[in-house]
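Below: one structure, written as C-alpha cells.
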Amino acid sequence: MMLIVLCFFASEHDLPRLYDHATTSLVQFRAEKDNAFDRLVYLAQDTAYRDTVMSFLIFKFDTKSAAERHALKDMMLKIGEKAIPYIVSRIDYRGSDSEDRCLKQSLWVLAEIGGDRIVEPASAFINDPSWSVRSGAFTALGKSKSRLALPYILPGLEDTIAVVRKSAYYALSEVASIDELQLLINGLSDGHYGVRYACVKGLERIGAAAIQAIKAELNDRRADKFFLIMSLARIPEAADDLAAYLSDLDPPGRYLVYETVDDRTILEMSAEWERDRMLNKYVKAKLYGLKR
Amino acid sequence: MLCVIAQAWLSYVDSSLAFIGISAAEITFRTDYSTRDPYRFALVDELLRHPLTSKAAVENLAGSYWEAGDRGVESLIGLCGYNTRIKPKGFEKTLVECNKDLSKVYANMPDSLLDVFEQLTRFAPGLTKSVEEEKAGERRYDSLCAYLKIHGTAIDYDLLFDVFARLNYAVRDYPKWLSGIRLERFDHDDIGSILFYEQMEFGLVVIGDTGSNFYNDSFALIIDLGGDDTYDCRPRSKSFQIIIDRSGDDRYLGGDRAVAAGVAGISIIIDESGNDHYQAGCYSLGCGVFGCGLLIDKEGNDRYIGDTFTQGAGGFGIGILHDDQGNDVYEAALYAQGFASTYGIGVLTERDGNDMYLIQPKYIDEIRYLDHYLSLSQGFTIGFRPDLSAGIGLIFERGGNDYYLSDIFGQGSAYWYGLGAIIDEKGNDNYVSYQYAQGSGVHIAIGLLVDLQGDDNYVAKGVSQGCGHDLAFGLLHDVQGDDSYVVSDLSQGAGNANGIGFLIDEEGDDSYSVKRTRNTQGYGDFRREYGSIGLLIDIKGDNAFTPGSGCGNLWKKGEHGLGIDWGDRDNQ
C-alpha cells in the first residue's frame with residue numbers, strides 16, 4: 001500500500017522536475033517557474049506530502065547555485081513557521097564542502113522566517129569558528145525580533161571581525177530597550193559604519209527615552225559627533241533640540257541638521273550665517289522647496 | 001602626472017564620504033567571502049581590500065606598459081607574480097631554448113584540459129530549449145569547473161611566462177640574425193617568392209620576399225620582407241610561432257585557434273606597417289589559453305574581426321593585442337577586447353587613432369533578456385562562480401576619438417574576484433552599452449572605466465556608470481572635458497547589495513541624465529543589514545542634473561548614497 005502511495009506521489013508530483021522548473025534561471029521559462037514554485041509550496045503545506053517535500057527541499061540547501069538558494073529562501077518564506085522544524089533538524093549539516101553553504105542557507109532562511117522559535121537554533125552558532133556563520137547567526141537572532149535573543153547577541157558586540165560585529169549590533173538594534181542604551185551609544189564610535197548605522201537605528205527604536213543620554217554624550221565630546229546628531233535627528237521628539245548644536249558641528253554634521261529641520265525660521269537664519277557655500281545653497285534650496 | 005591627478009580627487013572622496021559618516025578607510029571588502037582558489041591574482045585581493053587605490057594601480061600599470069616600450073609585455077607578465085629574468089642570448093639561440101622549454105611547460109598537461117576549457121567558454125547562439133537542457137548544462141558546468149580547478153595547475157606557468165618574455169625580447173634581434181643568413185630568391189609552389197626555407201632546430205622557418213605571398217603551414221618562424229601577404233597558419237601544439245611582416249596590406253585569416261592564438265603554445269605576430277585585415281574565429285587575435293598570444297600592429301588602418309575569446313583575451317594565460325597607429329576597427333561577439341577568464345591576463349592596447357570597438361549581437365542573454373546579447377568584453381573579466389576567480393582584463397587607450405559598443409557586461413567591468421578596466425587617455429569618446437558596464441563591479445570584483453581627457457558621452461541602461469553590485473566596487477572616473485552621462489536606473493554612483501559604486505567627474509561642464517531618480521546619482525540600498533555605498537561626485541564645472549535628483553548641490557539617496565556637485569571647493 002505504501003509503495004503504491006509513493007509511486008502515485010512520484011508520478012503526480014515529480015519533485016526533482018518541479019524543483020528544476022521552480023529554480024530555472026532563464027527568462028523564457030518564467031511562467032513554468034512560477035507554476036512549479038507555487039506547486040512546491042502548495043505540496044509543502046499539505047500535511048499528506050509535507051514531510052517528503054520539506055526533506056527534499058532542505059536537502060537542496062547545499063546547492064552552489066545562487067538562483068536556487070534565492071528560490072529556496074522564497075519557498076521557505078511562503079511555507080512559513082511550519083518549515084522551521086525541518087530546517088532545524090538538519091541545521092548541523094554544514095554542507096558538502098568547506099563553504100558551509102547548507103548551514104549558511106539554514107541560518108538565512110530561519111532569519112527570513114523570524115520569530116521566537118528560531119532563537120535557540122540560531123544561537124547555537126554564535127561562537128562558530130567561521131566568521132560568516134557567526135554573522136549569519138547574529139543576523140538571524142536580530143531578525144527573530146525576540147528579546148529572548150538578547151543574551152546571545154551581547155557577546156557578538158565584541159567580535160574581532162567587523163562584519164560579525166555589524167550583524168550583532170544589527171541584532172541588538174532590533175531587540176534593544178532602554179537597558180541597552182549605553183551599548184548602542186558606545187557602538188556609535190565603532191570602526192565599521194554598519195555598526196554605527198545599526199546603533200542609530202537602535203537608538204531611533206528606543207526613541208524619546210534615549211534623548212538625554214545622547215545629549216549628554218554630545219556635550220562630553222569635542223569631536224566625532226556625527227552619529228550622535230544623526231541619532232537625535234531620527235527621534236522626532238528631539239527635532240527642536242538639533243539647531244542648538246549647529247555652531248559646534250562641522251559641515252557634514254550641520255548638513256544632518258539642515259536635512260532634518262523643517263522650521264523655516266531656523267533655516268532662514270541658517271541661510272544668513274552659513275558660510276559653507278554648498279550648505280548655504282542646500283539651505284536655500286530647501287527653503288525654496290518649503291515655500292512651494 | 002597620472003599619480004598626482006589620482007591623489008587630488010581622493011580628498012574630495014574623503015570630504016564627500018564625511019557627509020554620510022564614513023571614512024575612506026572603510027571603503028574596503030573582505031577577500032574571504034568564499035574559499036580562495038589557487039588562481040586568484042594577488043592584485044585583485046589587494047584592490048578589494050583597498051578599492052580606492054584601484055585607479056592609481058591601473059594607471060600605474062598602463063604607465064609602466066607604455067614606458068617600457070617593446071618590453072611592456074613583461075610588465076603585464078608581472079601581474080602573474082613572476083619576475084622574468086631575461087639574459088639576452090641572441091635570436092636563434094633563444095628560439096632553440098624556448099622550443100625545448102615549452103615541451104617542459106606542457107609535460108604534465110592533460111589532453112582534455114583544452115577541451116574542458118572550450119566547453120566552459122563557448123556559448124550557443126540560440127535559446128536553451130527546455131529547463132531539462134538548462135539543468136543538464138548546469139550539472140555539466142559544475143563538473144567541468146571541478147576538473148579545471150584540479151588540472152589547471154598542470155601547466156608550468158612560471159616557465160611559460162618566462163618563455164613568452166624571452167621570445168618577446170628576442171624578436172627585436174631578428175634583423176641582426178637576418179643579416180647573417182644567406183638569402184637566395186626562389187619560387188615556392190605554395191608560398192610564392194621566398195628567400196629562405198629550412199627546417200631548423202626550433203622548427204620550420206621561411207623568409208618571404210617583397211611579393212605577395214601566401215603562408216599556410218605550421219611554421220615556427222615567418223619573416224616577410226614586404227608585399228600584400230596572406231597568412232592562414234597556426235602554430236604546432238605546445239610549441240611557438242612567430243610571424244614578422246615588415247610591410248604591405250596583409251590579410252591574416254583563420255578559423256578557431258588561429259592568428260596570434262597562443263592556445264597551449266605561444267604565438268606572436270608583429271606587423272610593422274600597412275593597412276591590415278585580421279579575421280579569425282574563436283580563440284584568436286592575441287589570445288592566450290594555457291599559453292600566450294601577442295599580436296602587434298605598428299602602423300596602418302586595420303580591421304580585426306573575431307568571434308569568442310579574441311582581441312586581447314587570456315584564460316590560464318596571457319593574450320595581448322597591441323596596435324600603435326591608425327584608425328582601427330575591432331569587431332567581435334563575446335569575451336573580447338581586453339578580456340580575461342580565470343588566471344588570465346587579457347589586454348588590448350591602442351596607442352593612437354580614432355578606433356571603434358564593436359561587440360556584435362550574437363549570443364542572447366537568456367538569463368536576463370530575450371532581446372539583449374551577452375558581450376562580456378572590453379576591459380572585462382569573469383570567473384566561474386563560485387569555483388574559480390576571474391582574471392585581469394584591460395584596455396589601455398592612449399589617443400583618438402574612440403567609440404565603444406557593447407550590450408550586457410562590458411566597458412570596464414568585472415565579475416567574481418577579478419579586475420576589469422579601461423584607461424582611455426585622450427579624445428572625445430563615446431561609450432554605449434546596456435547593462436553591467438562603464439565602471440561596474442559585480443559579485444566581489446573591481447570594475448573601472450577611467451577617461452582622462454575629452455568631451456565624452458556615456459550611455460547605458462543600468463548597473464553602469466560607477467556601480468558596485470554585491471560586495472563589488474565600480475568606478476567611472478572622468479578627469480577632464482564636458483561630458484554627458486545618460487542612464488535609466490541603478491547607475492551613476494550606485495551601490496547595490498553591499499557594493500560600492502562611485503561616479504567621479506573632476507572637471508568640465510557636465511550633464512547627468514537619468515530616467516529613475518530614486519536609485520541613481522549617488523544611491524546606496526540596504527542589504528545584509530547594512531548599507532551599500534553610492535557616490536556621485538562632480539568636483540568642478542557648471543553641471544546639470546536630472547530634475548528631482550536632489551536639493552541644491554548636495555543630496556542623499558538611501559542612507560549611504562550621496563551626490564555632491566562641489567562646484568570647485570577651492571574657490572568657496
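Every chain in the C-alpha cells takes a letter, A first, then B, and so on in the order presented; its residues are numbered from 1, and the ligands are numbered from 1 following the presented order.
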Pull the closest atom pair for each residue of chain B that gets at most 8 Å from chain A, along with the distance in Å to one decimal, counting only C-alpha atoms, ordering rows by chain and then ascending residue number, as a tab-separated table.
residue	atom	partner	partner_atom	distance
B:Ala18	CA	A:Pro252	CA	6.0
B:Phe19	CA	A:Pro252	CA	4.5
B:Ile20	CA	A:Pro252	CA	7.5
B:Gly21	CA	A:Phe226	CA	6.5
B:Ile22	CA	A:Tyr193	CA	6.2
B:Glu26	CA	A:His192	CA	6.9
B:Tyr33	CA	A:Ser132	CA	7.7
B:Ser34	CA	A:Glu99	CA	6.5
B:Thr35	CA	A:Glu99	CA	6.8
B:Ser130	CA	A:Phe29	CA	7.9
B:Val131	CA	A:His21	CA	6.2
B:Glu132	CA	A:Asp20	CA	7.5
B:Glu134	CA	A:Thr24	CA	7.7
B:Lys135	CA	A:Asp20	CA	6.9
B:Glu366	CA	A:Leu26	CA	5.5
B:Ile367	CA	A:Leu26	CA	4.4
B:Arg368	CA	A:Val27	CA	6.0
B:Tyr369	CA	A:Val27	CA	6.5
B:Leu370	CA	A:Val27	CA	7.2
B:Pro386	CA	A:Lys64	CA	7.2
B:Glu529	CA	A:Tyr170	CA	6.6
B:Tyr530	CA	A:Gly194	CA	5.2
B:Gly531	CA	A:Gly194	CA	6.9
B:Cys551	CA	A:Ala285	CA	5.9
B:Gly552	CA	A:Tyr282	CA	4.7
B:Asn553	CA	A:Met278	CA	6.2
B:Leu554	CA	A:Tyr282	CA	6.5
B:Trp566	CA	A:Met278	CA	7.1
B:Gln572	CA	A:Arg277	CA	6.1
Emit the selected residues as a PDB file, in the first residue's frame, including C-alpha atoms.
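After the write, again-v5.pdb holds the following:
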ATOM      1  CA  ALA B  18      32.048  62.528   5.648  1.00  0.00           C
ATOM      2  CA  PHE B  19      28.514  63.597   4.738  1.00  0.00           C
ATOM      3  CA  ILE B  20      27.363  60.018   5.215  1.00  0.00           C
ATOM      4  CA  GLY B  21      29.622  59.436   8.218  1.00  0.00           C
ATOM      5  CA  ILE B  22      32.004  57.055   6.500  1.00  0.00           C
ATOM      6  CA  GLU B  26      36.051  51.934   5.391  1.00  0.00           C
ATOM      7  CA  TYR B  33      33.628  35.506   1.263  1.00  0.00           C
ATOM      8  CA  SER B  34      34.461  32.200  -0.358  1.00  0.00           C
ATOM      9  CA  THR B  35      37.486  29.940  -0.095  1.00  0.00           C
ATOM     10  CA  SER B 130      13.952  23.338 -22.050  1.00  0.00           C
ATOM     11  CA  VAL B 131      14.553  23.519 -18.330  1.00  0.00           C
ATOM     12  CA  GLU B 132      15.923  19.991 -18.529  1.00  0.00           C
ATOM     13  CA  GLU B 134      19.364  24.096 -18.798  1.00  0.00           C
ATOM     14  CA  LYS B 135      19.823  21.944 -15.714  1.00  0.00           C
ATOM     15  CA  GLU B 366      18.696  34.347 -21.807  1.00  0.00           C
ATOM     16  CA  ILE B 367      19.200  34.752 -18.063  1.00  0.00           C
ATOM     17  CA  ARG B 368      18.108  38.383 -18.212  1.00  0.00           C
ATOM     18  CA  TYR B 369      16.570  39.298 -21.533  1.00  0.00           C
ATOM     19  CA  LEU B 370      15.349  37.727 -24.717  1.00  0.00           C
ATOM     20  CA  PRO B 386      31.633  30.123  -7.328  1.00  0.00           C
ATOM     21  CA  GLU B 529      21.526  44.521   7.356  1.00  0.00           C
ATOM     22  CA  TYR B 530      23.817  47.342   6.296  1.00  0.00           C
ATOM     23  CA  GLY B 531      24.159  49.836   3.546  1.00  0.00           C
ATOM     24  CA  CYS B 551      18.375  69.546  -3.236  1.00  0.00           C
ATOM     25  CA  GLY B 552      20.898  72.199  -4.264  1.00  0.00           C
ATOM     26  CA  ASN B 553      24.354  70.769  -4.799  1.00  0.00           C
ATOM     27  CA  LEU B 554      24.044  68.061  -2.209  1.00  0.00           C
ATOM     28  CA  TRP B 566      31.277  70.569  -5.384  1.00  0.00           C
ATOM     29  CA  GLN B 572      34.478  78.672  -1.998  1.00  0.00           C
TER      30      GLN B 572
END
List as a tab-separated table every residue of range 340-453 of chain B that is in contact with range 480-496 of chain B, defined as an atom at most 10 Å from one of its atoms (using only C-alpha atoms), together with the nearest atom pair and the distance in Å rounded to one decimal, sorted by chain and then rising number.
residue	atom	partner	partner_atom	distance
B:Glu425	CA	B:Gln480	CA	10.0
B:Lys426	CA	B:Gln480	CA	9.5
B:Gly427	CA	B:Gly481	CA	9.5
B:Asn428	CA	B:Gly481	CA	8.4
B:Asp429	CA	B:Asp483	CA	9.5
B:Asn430	CA	B:Ser484	CA	9.6
B:Tyr431	CA	B:Tyr485	CA	9.6
B:Val432	CA	B:Val486	CA	9.6
B:Ser433	CA	B:Val487	CA	9.8
B:Tyr434	CA	B:Val487	CA	8.9
B:Gln435	CA	B:Ser491	CA	9.6
B:Tyr436	CA	B:Ser491	CA	9.4
B:Ala437	CA	B:Ser491	CA	9.6
B:Gln438	CA	B:Ser491	CA	9.6
B:Gly439	CA	B:Gln492	CA	9.5
B:Ser440	CA	B:Ser491	CA	8.9
B:Gly441	CA	B:Gly495	CA	9.8
B:Val442	CA	B:Asn496	CA	9.5
B:Asp451	CA	B:Gln480	CA	7.9
B:Leu452	CA	B:Gln480	CA	5.9
B:Gln453	CA	B:Gln480	CA	4.7
(request) Quick one: everything within 8 Å of Leu113 in chain B, counting only C-alpha atoms, minus sequence neighbours fewer than 3 positions away in the same chain. Send it as a list in words. (result) Met109, Pro110, Val116, Phe117, Leu148, His151 and Gly152 of chain B
Kindly save the residues from that selection, with N, CA and C atoms included, as a PDB file, in the first residue's frame.
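Full text of selection_31.pdb as output:
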ATOM      1  N   MET B 109      50.491  18.352 -18.948  1.00  0.00           N
ATOM      2  CA  MET B 109      49.163  18.864 -19.311  1.00  0.00           C
ATOM      3  C   MET B 109      48.251  17.730 -19.783  1.00  0.00           C
ATOM      4  N   PRO B 110      47.098  17.552 -19.135  1.00  0.00           N
ATOM      5  CA  PRO B 110      46.172  16.502 -19.583  1.00  0.00           C
ATOM      6  C   PRO B 110      45.608  16.836 -20.968  1.00  0.00           C
ATOM      7  N   VAL B 116      37.993  20.912 -22.093  1.00  0.00           N
ATOM      8  CA  VAL B 116      37.162  21.326 -20.950  1.00  0.00           C
ATOM      9  C   VAL B 116      37.020  22.846 -20.921  1.00  0.00           C
ATOM     10  N   PHE B 117      38.129  23.529 -21.121  1.00  0.00           N
ATOM     11  CA  PHE B 117      38.085  24.993 -21.099  1.00  0.00           C
ATOM     12  C   PHE B 117      37.182  25.524 -22.217  1.00  0.00           C
ATOM     13  N   LEU B 148      38.619  21.651 -14.105  1.00  0.00           N
ATOM     14  CA  LEU B 148      39.530  22.758 -14.399  1.00  0.00           C
ATOM     15  C   LEU B 148      40.287  23.203 -13.156  1.00  0.00           C
ATOM     16  N   HIS B 151      42.998  20.433 -12.530  1.00  0.00           N
ATOM     17  CA  HIS B 151      44.023  20.189 -13.546  1.00  0.00           C
ATOM     18  C   HIS B 151      44.609  21.453 -14.163  1.00  0.00           C
ATOM     19  N   GLY B 152      44.010  22.599 -13.853  1.00  0.00           N
ATOM     20  CA  GLY B 152      44.556  23.849 -14.391  1.00  0.00           C
ATOM     21  C   GLY B 152      45.969  24.121 -13.933  1.00  0.00           C
TER      22      GLY B 152
END
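For the pair CA of Tyr49 in chain A and CA of Leu18 in chain A, the separation is 14.0 Å.
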Selection: 9 Å around Gly567 in chain B, only C-alpha atoms, excl. self and same-chain fewer than 4 positions, as a compact mmCIF listing (two decimals) with N, CA, C and O atoms, in the first residue's frame:
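To be explicit, this is the file written out as out_26.txt:
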# COMPACT_ATOMS: atom_id res chain seq x y z
N MET A 278 28.29 75.34 -0.23
CA MET A 278 27.42 74.25 -0.66
C MET A 278 26.23 74.08 0.30
O MET A 278 25.09 73.90 -0.12
N ASP B 538 30.93 65.45 -8.44
CA ASP B 538 31.43 66.30 -9.52
C ASP B 538 32.24 67.41 -8.87
O ASP B 538 31.72 68.17 -8.05
N ILE B 539 33.49 67.50 -9.24
CA ILE B 539 34.39 68.38 -8.49
C ILE B 539 34.36 69.82 -9.01
O ILE B 539 34.38 70.77 -8.25
N LYS B 540 34.35 69.99 -10.32
CA LYS B 540 34.36 71.36 -10.86
C LYS B 540 33.42 71.47 -12.05
O LYS B 540 33.12 70.48 -12.70
N GLY B 541 33.04 72.71 -12.35
CA GLY B 541 32.28 72.95 -13.56
C GLY B 541 30.84 73.33 -13.29
O GLY B 541 30.35 73.25 -12.16
N ASP B 542 30.21 73.75 -14.36
CA ASP B 542 28.80 74.13 -14.30
C ASP B 542 28.00 72.94 -14.83
O ASP B 542 28.00 72.67 -16.03
N ASN B 543 27.35 72.27 -13.94
CA ASN B 543 26.77 70.96 -14.30
C ASN B 543 25.25 70.97 -14.25
O ASN B 543 24.65 71.79 -13.56
N ASN B 553 23.19 71.48 -4.28
CA ASN B 553 24.35 70.77 -4.80
C ASN B 553 24.62 69.48 -4.03
O ASN B 553 25.66 68.86 -4.22
N ASN B 571 37.50 77.34 -4.49
CA ASN B 571 37.12 78.75 -4.68
C ASN B 571 35.97 79.17 -3.78
O ASN B 571 35.39 80.23 -3.96
N GLN B 572 35.61 78.32 -2.86
CA GLN B 572 34.48 78.67 -2.00
C GLN B 572 34.85 79.78 -1.03
O GLN B 572 35.96 79.82 -0.55
